[in-house]
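final-v6.tsv follows (TSV, C-alpha atoms):
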chain	number	residue	atom	x	y	z
A	1	MET	CA	-14.65	14.36	11.70
A	2	PRO	CA	-17.86	12.49	10.75
A	3	SER	CA	-18.80	9.73	13.16
A	4	ASP	CA	-18.45	7.04	10.48
A	5	VAL	CA	-14.90	7.92	9.49
A	6	THR	CA	-12.55	4.99	10.07
A	7	PRO	CA	-9.51	6.40	11.93
A	8	LEU	CA	-6.15	5.14	10.71
A	9	SER	CA	-5.26	3.71	14.12
A	10	ARG	CA	-8.49	1.70	14.13
A	11	TRP	CA	-8.37	0.00	10.76
A	12	MET	CA	-4.62	-0.59	11.00
A	13	ASP	CA	-5.28	-2.78	14.03
A	14	GLN	CA	-8.55	-4.42	12.98
A	15	HIS	CA	-6.80	-7.53	11.71
A	16	ARG	CA	-5.64	-8.32	15.24
A	17	ALA	CA	-9.17	-9.54	15.97
A	18	ARG	CA	-8.50	-12.38	13.52
A	19	MET	CA	-5.34	-13.88	14.99
A	20	GLU	CA	-6.23	-17.56	14.55
A	21	LEU	CA	-3.45	-17.77	11.96
A	22	GLY	CA	-1.05	-15.54	13.87
A	23	PRO	CA	0.63	-12.28	12.84
A	24	LEU	CA	0.90	-13.30	9.18
A	25	SER	CA	-2.90	-13.57	8.90
A	26	ILE	CA	-2.99	-10.10	7.34
A	27	LEU	CA	-0.60	-11.24	4.58
A	28	ILE	CA	-2.92	-14.17	3.93
A	29	ARG	CA	-5.89	-11.81	3.76
A	30	LYS	CA	-4.03	-9.64	1.23
A	31	LEU	CA	-3.18	-12.65	-0.96
A	32	LEU	CA	-6.77	-13.91	-0.74
A	33	SER	CA	-7.95	-10.56	-2.14
A	34	HIS	CA	-6.60	-11.64	-5.52
A	35	SER	CA	-5.82	-15.38	-5.35
A	36	LEU	CA	-7.35	-18.62	-4.13
A	37	LEU	CA	-5.38	-20.41	-1.42
A	38	SER	CA	-6.22	-23.78	0.12
A	39	THR	CA	-6.45	-24.12	3.87
A	40	ALA	CA	-3.14	-25.98	3.83
A	41	ASP	CA	-1.54	-23.16	1.82
A	42	GLN	CA	-2.80	-20.59	4.31
A	43	GLU	CA	-1.51	-22.60	7.25
A	44	ALA	CA	1.88	-22.96	5.56
A	45	ILE	CA	2.14	-19.18	5.10
A	46	ALA	CA	1.12	-18.63	8.72
A	47	ALA	CA	3.87	-21.04	9.83
A	48	LEU	CA	6.67	-19.14	8.08
A	49	PRO	CA	9.46	-18.27	10.52
A	50	HIS	CA	9.52	-14.57	11.36
A	51	LYS	CA	10.64	-11.98	13.86
A	52	ILE	CA	8.53	-8.98	14.87
A	53	LYS	CA	10.15	-5.57	14.55
A	54	THR	CA	8.81	-2.06	15.16
A	55	LEU	CA	10.10	1.04	13.40
A	56	PRO	CA	9.38	4.72	13.99
A	57	GLN	CA	8.08	7.12	11.37
A	58	GLY	CA	10.88	7.70	8.88
A	59	GLY	CA	12.63	4.46	9.84
A	60	SER	CA	14.39	2.55	7.06
A	61	ILE	CA	14.09	-1.19	6.40
A	62	LEU	CA	15.76	-1.39	2.97
A	63	ARG	CA	18.30	0.78	1.17
A	64	GLU	CA	19.20	0.92	-2.50
A	65	GLY	CA	22.11	-1.44	-3.16
A	66	ASP	CA	21.27	-3.77	-0.26
A	67	GLN	CA	21.38	-7.51	-0.82
A	68	ALA	CA	18.37	-8.55	1.22
A	69	GLU	CA	18.05	-11.75	3.24
A	70	ILE	CA	14.60	-11.05	4.67
A	71	CYS	CA	11.25	-9.93	3.30
A	72	PRO	CA	9.45	-7.53	5.68
A	73	ILE	CA	5.68	-7.96	5.90
A	74	LEU	CA	3.87	-4.80	6.98
A	75	LEU	CA	1.57	-5.70	9.89
A	76	SER	CA	0.48	-2.19	10.80
A	77	GLY	CA	1.27	1.31	9.60
A	78	PHE	CA	2.16	2.72	6.19
A	79	ALA	CA	5.46	2.48	4.29
A	80	TYR	CA	6.72	3.82	1.00
A	81	ARG	CA	9.30	3.10	-1.66
A	82	GLN	CA	11.41	5.96	-2.91
A	83	LYS	CA	14.03	6.70	-5.52
A	84	VAL	CA	16.51	9.50	-4.89
A	85	ALA	CA	18.10	11.51	-7.70
A	86	SER	CA	21.74	12.54	-7.72
A	87	ASP	CA	20.76	16.07	-6.62
A	88	GLY	CA	18.88	14.68	-3.62
A	89	GLY	CA	15.39	15.03	-5.06
A	90	ARG	CA	13.01	12.30	-3.98
A	91	GLN	CA	10.22	10.52	-5.85
A	92	ILE	CA	7.87	8.26	-3.90
A	93	VAL	CA	7.20	5.37	-6.28
A	94	ALA	CA	4.92	3.14	-4.18
A	95	LEU	CA	2.81	3.20	-1.05
A	96	LYS	CA	2.63	0.05	1.07
A	97	LEU	CA	-0.30	-0.83	3.34
A	98	PRO	CA	-0.76	-3.44	6.09
A	99	GLY	CA	-0.61	-6.90	4.55
A	100	ASP	CA	1.88	-5.88	1.87
A	101	ALA	CA	5.19	-7.67	1.46
A	102	LEU	CA	7.83	-4.95	1.14
A	103	ASP	CA	10.48	-6.80	-0.85
A	104	LEU	CA	9.32	-9.87	-2.75
A	105	GLN	CA	11.55	-8.72	-5.64
A	106	SER	CA	14.60	-9.90	-3.74
A	107	LEU	CA	13.40	-13.47	-4.22
A	108	TYR	CA	14.60	-13.05	-7.82
A	109	LEU	CA	16.82	-9.94	-7.93
A	110	GLN	CA	20.18	-9.74	-6.19
A	111	LYS	CA	20.21	-6.10	-5.10
A	112	ALA	CA	17.55	-3.59	-4.11
A	113	ASP	CA	17.09	-0.70	-6.55
A	114	HIS	CA	15.10	1.52	-4.16
A	115	ASP	CA	14.73	2.52	-0.53
A	116	VAL	CA	11.85	1.51	1.76
A	117	ARG	CA	10.94	3.80	4.65
A	118	MET	CA	8.12	4.04	7.15
A	119	LEU	CA	5.47	6.68	6.51
A	120	THR	CA	4.05	6.14	10.01
A	121	PRO	CA	5.20	4.12	13.02
A	122	ALA	CA	4.98	0.52	11.85
A	123	GLU	CA	5.13	-3.09	12.96
A	124	LEU	CA	6.79	-5.61	10.66
A	125	ALA	CA	7.22	-9.36	10.46
A	126	LEU	CA	10.68	-10.17	9.08
A	127	VAL	CA	10.50	-13.41	7.10
A	128	PRO	CA	13.67	-15.05	5.71
A	129	LEU	CA	13.63	-14.96	1.92
A	130	ALA	CA	15.01	-18.50	1.89
A	131	ALA	CA	11.91	-19.72	3.76
A	132	ILE	CA	9.59	-18.00	1.27
A	133	GLU	CA	11.54	-19.49	-1.63
A	134	GLN	CA	11.26	-23.00	-0.16
A	135	LEU	CA	7.53	-22.49	0.36
A	136	THR	CA	6.97	-21.42	-3.25
A	137	ILE	CA	8.81	-24.52	-4.47
A	138	ALA	CA	6.78	-26.84	-2.24
A	139	ARG	CA	3.39	-25.17	-2.82
A	140	PRO	CA	2.49	-24.03	-6.35
A	141	GLY	CA	-0.64	-22.26	-5.07
A	142	VAL	CA	1.45	-20.03	-2.85
A	143	ALA	CA	3.93	-19.42	-5.69
A	144	ARG	CA	1.08	-18.36	-7.95
A	145	ALA	CA	-0.35	-15.98	-5.33
A	146	ILE	CA	3.06	-14.36	-4.80
A	147	LEU	CA	3.59	-14.00	-8.54
A	148	ILE	CA	0.15	-12.37	-8.92
A	149	ASP	CA	0.98	-10.01	-6.05
A	150	ILE	CA	4.17	-8.92	-7.83
A	151	LEU	CA	2.29	-8.50	-11.12
A	152	ILE	CA	-0.41	-6.38	-9.48
A	153	GLU	CA	2.28	-4.17	-7.98
A	154	SER	CA	3.64	-3.67	-11.50
A	155	SER	CA	0.12	-2.85	-12.70
A	156	ILE	CA	-0.19	-0.20	-9.99
A	157	SER	CA	3.17	1.27	-11.05
A	158	ARG	CA	1.93	1.58	-14.64
A	159	GLU	CA	-1.19	3.36	-13.45
A	160	TRP	CA	0.95	5.75	-11.39
A	161	LEU	CA	3.00	6.56	-14.50
A	162	LEU	CA	-0.21	7.39	-16.34
A	163	ASN	CA	-1.43	9.39	-13.38
A	164	ILE	CA	1.68	11.58	-13.26
A	165	GLY	CA	2.12	11.83	-17.02
A	166	ARG	CA	-1.42	12.40	-18.32
A	167	ARG	CA	-3.84	13.48	-15.60
A	168	ASN	CA	-4.20	17.04	-14.38
A	169	ALA	CA	-3.28	17.86	-10.80
A	170	LEU	CA	-6.79	17.58	-9.36
A	171	ALA	CA	-7.43	14.24	-11.08
A	172	ARG	CA	-4.02	12.91	-9.95
A	173	LEU	CA	-4.82	13.55	-6.32
A	174	ALA	CA	-8.39	12.26	-6.58
A	175	HIS	CA	-7.24	9.09	-8.36
A	176	LEU	CA	-4.62	8.32	-5.71
A	177	LEU	CA	-7.18	8.71	-2.93
A	178	CYS	CA	-9.61	6.40	-4.75
A	179	GLU	CA	-6.88	3.78	-5.08
A	180	LEU	CA	-6.03	3.94	-1.40
A	181	HIS	CA	-9.72	3.65	-0.52
A	182	ASP	CA	-9.99	0.40	-2.46
A	183	ARG	CA	-6.72	-1.03	-1.23
A	184	VAL	CA	-7.66	-0.30	2.38
A	185	SER	CA	-10.99	-2.03	1.81
A	186	ASP	CA	-9.16	-5.22	0.86
A	187	ILE	CA	-7.51	-5.57	4.26
A	188	ALA	CA	-9.99	-3.87	6.62
A	189	SER	CA	-12.35	-6.12	8.56
A	190	GLU	CA	-15.00	-3.39	8.53
A	191	THR	CA	-15.89	-1.42	5.41
A	192	SER	CA	-16.48	2.31	5.36
A	193	ASP	CA	-16.72	5.01	2.71
A	194	HIS	CA	-14.49	7.20	4.85
A	195	PHE	CA	-10.78	6.63	5.50
A	196	GLU	CA	-8.04	8.71	7.03
A	197	ILE	CA	-4.94	8.97	4.80
A	198	PRO	CA	-1.71	9.80	6.72
A	199	LEU	CA	0.01	11.69	3.89
A	200	THR	CA	1.33	15.21	4.36
A	201	GLN	CA	1.19	17.70	1.51
A	202	GLU	CA	4.97	17.43	1.12
A	203	GLN	CA	4.70	13.66	0.73
A	204	LEU	CA	1.84	14.01	-1.74
A	205	ALA	CA	4.02	16.40	-3.75
A	206	ASP	CA	6.87	13.86	-3.85
A	207	LEU	CA	4.41	11.18	-4.90
A	208	LEU	CA	2.42	13.07	-7.54
A	209	GLY	CA	5.21	15.10	-9.14
A	210	LEU	CA	3.76	18.44	-8.00
A	211	THR	CA	4.93	21.23	-5.71
A	212	PRO	CA	3.60	21.45	-2.14
A	213	VAL	CA	1.98	24.79	-3.05
A	214	HIS	CA	0.12	23.15	-5.95
A	215	ILE	CA	-0.92	20.25	-3.73
A	216	ASN	CA	-2.27	22.71	-1.17
A	217	ARG	CA	-4.48	24.32	-3.81
A	218	MET	CA	-5.80	20.94	-4.97
A	219	VAL	CA	-6.48	19.82	-1.40
A	220	ARG	CA	-8.42	23.01	-0.69
A	221	GLN	CA	-10.41	22.54	-3.90
A	222	LEU	CA	-11.36	18.96	-3.01
A	223	GLU	CA	-12.21	20.10	0.50
A	224	LYS	CA	-14.56	22.80	-0.84
A	225	MET	CA	-16.25	20.13	-2.99
A	226	GLY	CA	-16.88	18.01	0.12
A	227	ALA	CA	-14.78	15.13	-1.20
A	228	ILE	CA	-12.18	15.20	1.58
A	229	GLY	CA	-11.70	16.65	5.04
A	230	ARG	CA	-8.66	17.75	7.00
A	231	PRO	CA	-9.27	17.13	10.70
A	232	SER	CA	-5.49	17.22	11.30
A	233	ARG	CA	-2.40	17.04	9.08
A	234	SER	CA	-3.90	13.97	7.42
A	235	LEU	CA	-6.56	13.84	4.71
A	236	THR	CA	-9.86	12.06	5.21
A	237	ILE	CA	-11.88	10.67	2.30
A	238	LEU	CA	-15.48	11.81	2.73
A	239	ASN	CA	-17.01	11.28	-0.71
A	240	PHE	CA	-15.50	8.45	-2.73
A	241	ALA	CA	-18.06	8.82	-5.53
A	242	GLU	CA	-17.05	12.45	-6.10
A	243	LEU	CA	-13.35	11.56	-6.18
A	244	ALA	CA	-14.05	8.73	-8.65
A	245	LYS	CA	-16.00	11.13	-10.88
A	246	ILE	CA	-13.21	13.73	-10.88
A	247	SER	CA	-10.53	11.17	-11.81
A	248	SER	CA	-12.61	8.75	-13.96
A	249	PHE	CA	-11.38	6.09	-11.56
A	250	SER	CA	-11.58	2.42	-12.47
A	251	SER	CA	-10.19	-0.22	-10.13
A	252	ALA	CA	-9.51	-2.69	-12.98
A	253	TYR	CA	-5.73	-2.26	-12.60
A	254	LEU	CA	-5.94	-3.51	-9.00
A	255	HIS	CA	-7.21	-6.91	-10.27
A	256	ARG	CA	-9.30	-7.40	-7.15
A	257	SER	CA	-11.57	-9.96	-8.85
A	258	ASN	CA	-8.70	-12.14	-10.00
A	259	ALA	CA	-9.37	-14.84	-7.39
A	260	SER	CA	-12.86	-15.49	-8.77
A	261	ARG	CA	-11.39	-16.43	-12.14
A	262	VAL	CA	-8.88	-18.99	-10.85
Rendering of file as structure tokens:
Amino acid sequence: MPSDVTPLSRWMDQHRARMELGPLSILIRKLLSHSLLSTADQEAIAALPHKIKTLPQGGSILREGDQAEICPILLSGFAYRQKVASDGGRQIVALKLPGDALDLQSLYLQKADHDVRMLTPAELALVPLAAIEQLTIARPGVARAILIDILIESSISREWLLNIGRRNALARLAHLLCELHDRVSDIASETSDHFEIPLTQEQLADLLGLTPVHINRMVRQLEKMGAIGRPSRSLTILNFAELAKISSFSSAYLHRSNASRV
């Protein structure tokens, strides 16, 4: 592994160096990546009641049909949303990174329509939905930031539909890796062109609508091009520019400059 690669375990924990606002500081950092928040708004988010919970890889925090009372905030680790077909086939429909709220939809929808599981061991802050709802009523700036976060998640879902429906297999994989690179950059305290991605080939297949065999061929092709490395079961981004060229990647759908237009 190149010396400047940012290991997953390192950047997942970098936010702990900025604990002046407590465990929810990483949620604040995520919201600030797309929205302006006053100091008072940030302090109000940091003061939300919460309980810390750890889950192992594969652990479940939300199941389809649940009527949620809490919104988990991912403090460290990766999580994913999935839909399961009647024959047991799985489609991963979203990847969640540190700083992401895992179930803001339940503020407005009565029952979950998907499962949320841990891709890696993870630490969560469990915040009562009622407390978030009260905060959005009292603070319009926070309500706006949460609404934008939900809208950006929808924008990402639309891009994923395009990715699966219209891009070839190599471009699908390259585009996903570019997206994760940019999303990681939003919450990492140190920037790097290299990031470790803890996705197995089976998980990539469930995410990209391909077979594991096809994924393996695409991974080997990107590896030969010097765009990624495989120091272990995970993938490591080595050449973002090459991945962006392969997939014609544009980060516009992530709306990362939204805060500057408020």
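Rounded to one decimal, atom CA of Ile237 of chain A and atom CA of Lys96 of chain A lie 18.0 Å from each other.
If you look at atom CA of Ser250 of chain A and atom CA of Ile152 of chain A, they are 14.5 Å away from each other.
The smallest atom-to-atom distance between Leu129 of chain A and any of A:Ser155, A:Gln67, A:Ser60, A:Gln82, using only C-alpha atoms, is found for A:Gln67.
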What does the distance from atom CA of Gln203 of chain A to atom CA of Tyr253 of chain A come to in Å, to one decimal?
-> 23.2 Å
Identify, on the basis of only C-alpha atoms, every residue whose closest approach to Gln221 of chain A does not exceed 12 Å; exclude the query and any residue fewer than 6 positions from it along the same chain; express the result as a list in words.
-> Ala169, Leu170, Ala171, Leu173, Ala174, His214, Ile215, Ala227, Ile228, Gly229, Leu243 and Ile246 of chain A
Pick the closest to Arg166 of chain A from A:Ala112, A:Met225, A:Leu208, A:Ala68: which is it, counting only C-alpha atoms?
-> A:Leu208
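Using only C-alpha atoms for every distance, the candidate list A:Thr136, A:Ser247, A:Ser76, A:Thr211 yields A:Ser76 as the residue closest to Glu123 of chain A.
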Contacts of segment 39-49 of chain A at 12 Å (all atoms listed in the file; same-chain gap of 5+ positions) as a tab-separated table (two decimals) with C-alpha atoms, in the coordinates of the input:
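Below is the file around-v1.tsv, written as the result:
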chain	number	residue	atom	x	y	z
A	19	MET	CA	-5.34	-13.88	14.99
A	20	GLU	CA	-6.23	-17.56	14.55
A	21	LEU	CA	-3.45	-17.77	11.96
A	22	GLY	CA	-1.05	-15.54	13.87
A	23	PRO	CA	0.63	-12.28	12.84
A	24	LEU	CA	0.90	-13.30	9.18
A	25	SER	CA	-2.90	-13.57	8.90
A	26	ILE	CA	-2.99	-10.10	7.34
A	27	LEU	CA	-0.60	-11.24	4.58
A	28	ILE	CA	-2.92	-14.17	3.93
A	29	ARG	CA	-5.89	-11.81	3.76
A	30	LYS	CA	-4.03	-9.64	1.23
A	31	LEU	CA	-3.18	-12.65	-0.96
A	32	LEU	CA	-6.77	-13.91	-0.74
A	70	ILE	CA	14.60	-11.05	4.67
A	71	CYS	CA	11.25	-9.93	3.30
A	72	PRO	CA	9.45	-7.53	5.68
A	73	ILE	CA	5.68	-7.96	5.90
A	125	ALA	CA	7.22	-9.36	10.46
A	126	LEU	CA	10.68	-10.17	9.08
A	127	VAL	CA	10.50	-13.41	7.10
A	128	PRO	CA	13.67	-15.05	5.71
A	129	LEU	CA	13.63	-14.96	1.92
A	130	ALA	CA	15.01	-18.50	1.89
A	131	ALA	CA	11.91	-19.72	3.76
A	132	ILE	CA	9.59	-18.00	1.27
A	133	GLU	CA	11.54	-19.49	-1.63
A	134	GLN	CA	11.26	-23.00	-0.16
A	135	LEU	CA	7.53	-22.49	0.36
A	136	THR	CA	6.97	-21.42	-3.25
A	138	ALA	CA	6.78	-26.84	-2.24
A	139	ARG	CA	3.39	-25.17	-2.82
A	140	PRO	CA	2.49	-24.03	-6.35
A	141	GLY	CA	-0.64	-22.26	-5.07
A	142	VAL	CA	1.45	-20.03	-2.85
A	143	ALA	CA	3.93	-19.42	-5.69
A	144	ARG	CA	1.08	-18.36	-7.95
A	145	ALA	CA	-0.35	-15.98	-5.33
A	146	ILE	CA	3.06	-14.36	-4.80
Which of these, A:Lys53, A:Val219, A:Phe249, A:Asp113, has the shortest distance to Leu176 of chain A once you count only C-alpha atoms?
-> A:Phe249
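When all atoms listed in the file are used to compute distances to Leu254 of chain A, the closest of the residues A:Leu204, A:Glu179, A:Leu97, A:Asp66 turns out to be A:Glu179.
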Per-axis box centre and lengths in Å around segment 242-248 of chain A, 6 Å margin per side, axis-aligned, as AutoDock Vina command-line options:
--center_x -13.8 --center_y 11.2 --center_z -10.0 --size_x 18.5 --size_y 17.0 --size_z 19.9
Which residue, A:Leu177, A:Ile197, A:Leu162, A:Ala85, has the smallest gap to Thr236 of chain A when you use all atoms listed in the file?
-> A:Ile197
